[in-house]
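Report on one structure; see the data block that follows.
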Amino acid sequence: HERWLAEVHAKGRCVFVYDYPRTIKSFYMRDNEDGKTVAAFDLLAPGVGELVGGSQREERKEALEAKMVEFGLDPADYWWYLDLRKYGSVPHAGYGLGFDRLVCYVSAIDNIRDSIPFPRYPGSADF
């Protein structure tokens with residue numbers, strides 16, 4: 001769907017998508033005032049899909065706990081995450097760039113596995 005948006009709908013251009021439906025995003029994303037969407041965005045690029053993604057994080061402990069329960073998560077399993085908001089927090093956000101996807105985009109590599117600078121093969125992981 002992401003590639004279709006960039007390649008077909010945006011006619012081969014990069015496009016920003018924002019205010020995603022809350023039901024398809026992570027529990028830690030802050031709800032918008034409408035109660036239906038979250039404060040999140042993705043930069044979609046033709047050929048790779050999501051290149052950059054980010055969201056505002058939920059800083060209110062009570063709202064975060066309620067959302068965990070709503071999403072079927074046990075807040076006890078996330079004690080360490082909730083502890084970060086124990087004494088309050090401030091509005092904050094985070095984002096990330098998929099470096100391997102950026103390499104694909106700027107070098108026109110079709111398969112993301114070809115953009116990783118180290119060999120990957122079954123059994124190569126040490127864990």
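Chains: A, B, ... in order of the structure tokens. Residues: from 1 per chain. Ligands: from 1, in order shown.
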List every residue of chain A that DSSP, applied to the backbone, labels as strand (DSSP E), and write the result as a ChimeraX atom specification.
-> /A:15-18,40-45,49-57,92-97
Near Ser55 in chain A, within 6 Å and counting only C-alpha atoms, which residues show up once chain neighbours fewer than 6 positions away are dropped, as a list in words?
-> Ala39, Ala40, Ala93 and Gly94 of chain A
Which polymer residues have any atom within 12 Å of an atom of range 69-83 of chain A, counting only C-alpha atoms, with same-chain residues fewer than 2 positions away left out, as a list in words?
-> Arg22, Thr23, Ile24, Lys25, Ser26, Phe27, Tyr28, Arg57, Glu58, Glu59, Arg60, Lys61, Glu62, Ala63, Leu64, Glu65, Ala66, Lys67, Arg85, Lys86, Tyr87, Gly88 and Ser89 of chain A
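Considering only C-alpha atoms, the residue among A:Leu84, A:Leu97, A:Val90, A:Met29 positioned nearest to Leu43 in chain A is A:Leu97.
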Separation of CA of His92 in chain A from CA of Cys14 in chain A in Å | 25.6 Å
Shortest interatomic distance to Asn32 in chain A - which of A:Gln56, A:Ala10, A:Val106, A:His1, counting only C-alpha atoms | A:Gln56
Excluding range 110-120 of chain A and any residue of its chain fewer than 5 positions from it, enumerate the residues within 9 Å of it, using only C-alpha atoms, and give them as a VMD selection string.
-> chain A and resid 47 to 48 100 to 101 103 to 105 125
Write out, as a PDB file, in the first residue's frame, the residues just selected, with all heavy atoms.
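Once written, selection_31.pdb looks like this:
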```pdb
ATOM      1  N   GLY A  47       9.399   3.044  -5.021  1.00  0.00           N
ATOM      2  CA  GLY A  47      10.405   1.999  -5.082  1.00  0.00           C
ATOM      3  C   GLY A  47      10.758   1.384  -3.743  1.00  0.00           C
ATOM      4  O   GLY A  47      11.234   0.258  -3.687  1.00  0.00           O
ATOM      5  N   VAL A  48      10.535   2.102  -2.636  1.00  0.00           N
ATOM      6  CA  VAL A  48      10.913   1.575  -1.325  1.00  0.00           C
ATOM      7  C   VAL A  48       9.800   1.624  -0.295  1.00  0.00           C
ATOM      8  O   VAL A  48       9.833   0.887   0.684  1.00  0.00           O
ATOM      9  CB  VAL A  48      12.160   2.288  -0.746  1.00  0.00           C
ATOM     10  CG1 VAL A  48      13.368   2.020  -1.606  1.00  0.00           C
ATOM     11  CG2 VAL A  48      11.943   3.760  -0.562  1.00  0.00           C
ATOM     12  N   ASP A 100      18.989   1.587   5.145  1.00  0.00           N
ATOM     13  CA  ASP A 100      19.053   0.646   4.034  1.00  0.00           C
ATOM     14  C   ASP A 100      18.046   1.010   2.945  1.00  0.00           C
ATOM     15  O   ASP A 100      18.322   0.864   1.749  1.00  0.00           O
ATOM     16  CB  ASP A 100      18.855  -0.788   4.516  1.00  0.00           C
ATOM     17  CG  ASP A 100      17.700  -0.951   5.474  1.00  0.00           C
ATOM     18  OD1 ASP A 100      17.075   0.067   5.856  1.00  0.00           O
ATOM     19  OD2 ASP A 100      17.408  -2.095   5.862  1.00  0.00           O
ATOM     20  N   ARG A 101      16.906   1.534   3.330  1.00  0.00           N
ATOM     21  CA  ARG A 101      15.917   1.981   2.341  1.00  0.00           C
ATOM     22  C   ARG A 101      16.399   3.226   1.603  1.00  0.00           C
ATOM     23  O   ARG A 101      16.157   3.384   0.411  1.00  0.00           O
ATOM     24  CB  ARG A 101      14.570   2.249   3.010  1.00  0.00           C
ATOM     25  CG  ARG A 101      13.921   0.990   3.515  1.00  0.00           C
ATOM     26  CD  ARG A 101      12.658   1.302   4.294  1.00  0.00           C
ATOM     27  NE  ARG A 101      12.100   0.115   4.873  1.00  0.00           N
ATOM     28  CZ  ARG A 101      10.903  -0.374   4.553  1.00  0.00           C
ATOM     29  NH1 ARG A 101      10.150   0.236   3.686  1.00  0.00           N
ATOM     30  NH2 ARG A 101      10.476  -1.464   5.135  1.00  0.00           N
ATOM     31  N   VAL A 103      19.531   3.911   0.959  1.00  0.00           N
ATOM     32  CA  VAL A 103      20.519   3.404  -0.008  1.00  0.00           C
ATOM     33  C   VAL A 103      19.799   2.855  -1.241  1.00  0.00           C
ATOM     34  O   VAL A 103      20.199   3.133  -2.377  1.00  0.00           O
ATOM     35  CB  VAL A 103      21.429   2.331   0.645  1.00  0.00           C
ATOM     36  CG1 VAL A 103      22.265   1.617  -0.399  1.00  0.00           C
ATOM     37  CG2 VAL A 103      22.312   2.966   1.708  1.00  0.00           C
ATOM     38  N   CYS A 104      18.732   2.090  -1.041  1.00  0.00           N
ATOM     39  CA  CYS A 104      17.949   1.573  -2.169  1.00  0.00           C
ATOM     40  C   CYS A 104      17.396   2.709  -3.022  1.00  0.00           C
ATOM     41  O   CYS A 104      17.464   2.657  -4.258  1.00  0.00           O
ATOM     42  CB  CYS A 104      16.788   0.714  -1.677  1.00  0.00           C
ATOM     43  SG  CYS A 104      17.246  -0.910  -1.090  1.00  0.00           S
ATOM     44  N   TYR A 105      16.854   3.709  -2.370  1.00  0.00           N
ATOM     45  CA  TYR A 105      16.214   4.806  -3.092  1.00  0.00           C
ATOM     46  C   TYR A 105      17.207   5.600  -3.935  1.00  0.00           C
ATOM     47  O   TYR A 105      16.966   5.848  -5.114  1.00  0.00           O
ATOM     48  CB  TYR A 105      15.490   5.720  -2.093  1.00  0.00           C
ATOM     49  CG  TYR A 105      14.754   6.857  -2.752  1.00  0.00           C
ATOM     50  CD1 TYR A 105      13.661   6.624  -3.574  1.00  0.00           C
ATOM     51  CD2 TYR A 105      15.146   8.171  -2.542  1.00  0.00           C
ATOM     52  CE1 TYR A 105      12.980   7.654  -4.176  1.00  0.00           C
ATOM     53  CE2 TYR A 105      14.476   9.217  -3.142  1.00  0.00           C
ATOM     54  CZ  TYR A 105      13.395   8.965  -3.964  1.00  0.00           C
ATOM     55  OH  TYR A 105      12.733   9.997  -4.558  1.00  0.00           O
ATOM     56  N   ALA A 125      23.523 -15.504  12.351  1.00  0.00           N
ATOM     57  CA  ALA A 125      23.337 -14.720  13.572  1.00  0.00           C
ATOM     58  C   ALA A 125      23.865 -15.487  14.783  1.00  0.00           C
ATOM     59  O   ALA A 125      23.671 -16.703  14.886  1.00  0.00           O
ATOM     60  CB  ALA A 125      21.868 -14.377  13.771  1.00  0.00           C
TER      61      ALA A 125
END
```
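Distance check against Gly54 in chain A using only C-alpha atoms: of A:Pro91, A:Asp42, A:Asp19, A:Gly98, the minimum falls on A:Asp42.
The space between CA of Gly53 in chain A and CA of Tyr20 in chain A spans 11.5 Å.
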Distance query range 7-9 of chain A at most 10 Å, only C-alpha atoms, self and fewer than 3 positions along chain excluded, as a PyMOL selection string | chain A and resi 1-4+12-15+44-49
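Here the residues within chain A that DSSP labels alpha helix (DSSP H) on the basis of the backbone are Glu2, Arg3, Trp4, Lys61, Glu62, Ala63, Leu64, Glu65, Ala66, Lys67, Met68, Val69, Glu70, Trp79, Trp80, Tyr81, Leu82, Asp83, Phe99, Asp100, Arg101, Leu102, Val103, Cys104, Tyr105, Val106 and Ser107 of chain A.
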Would you work out the distance separating CA of Leu51 in chain A from CA of Val38 in chain A, expressed in Å to one decimal?
-> 19.0 Å
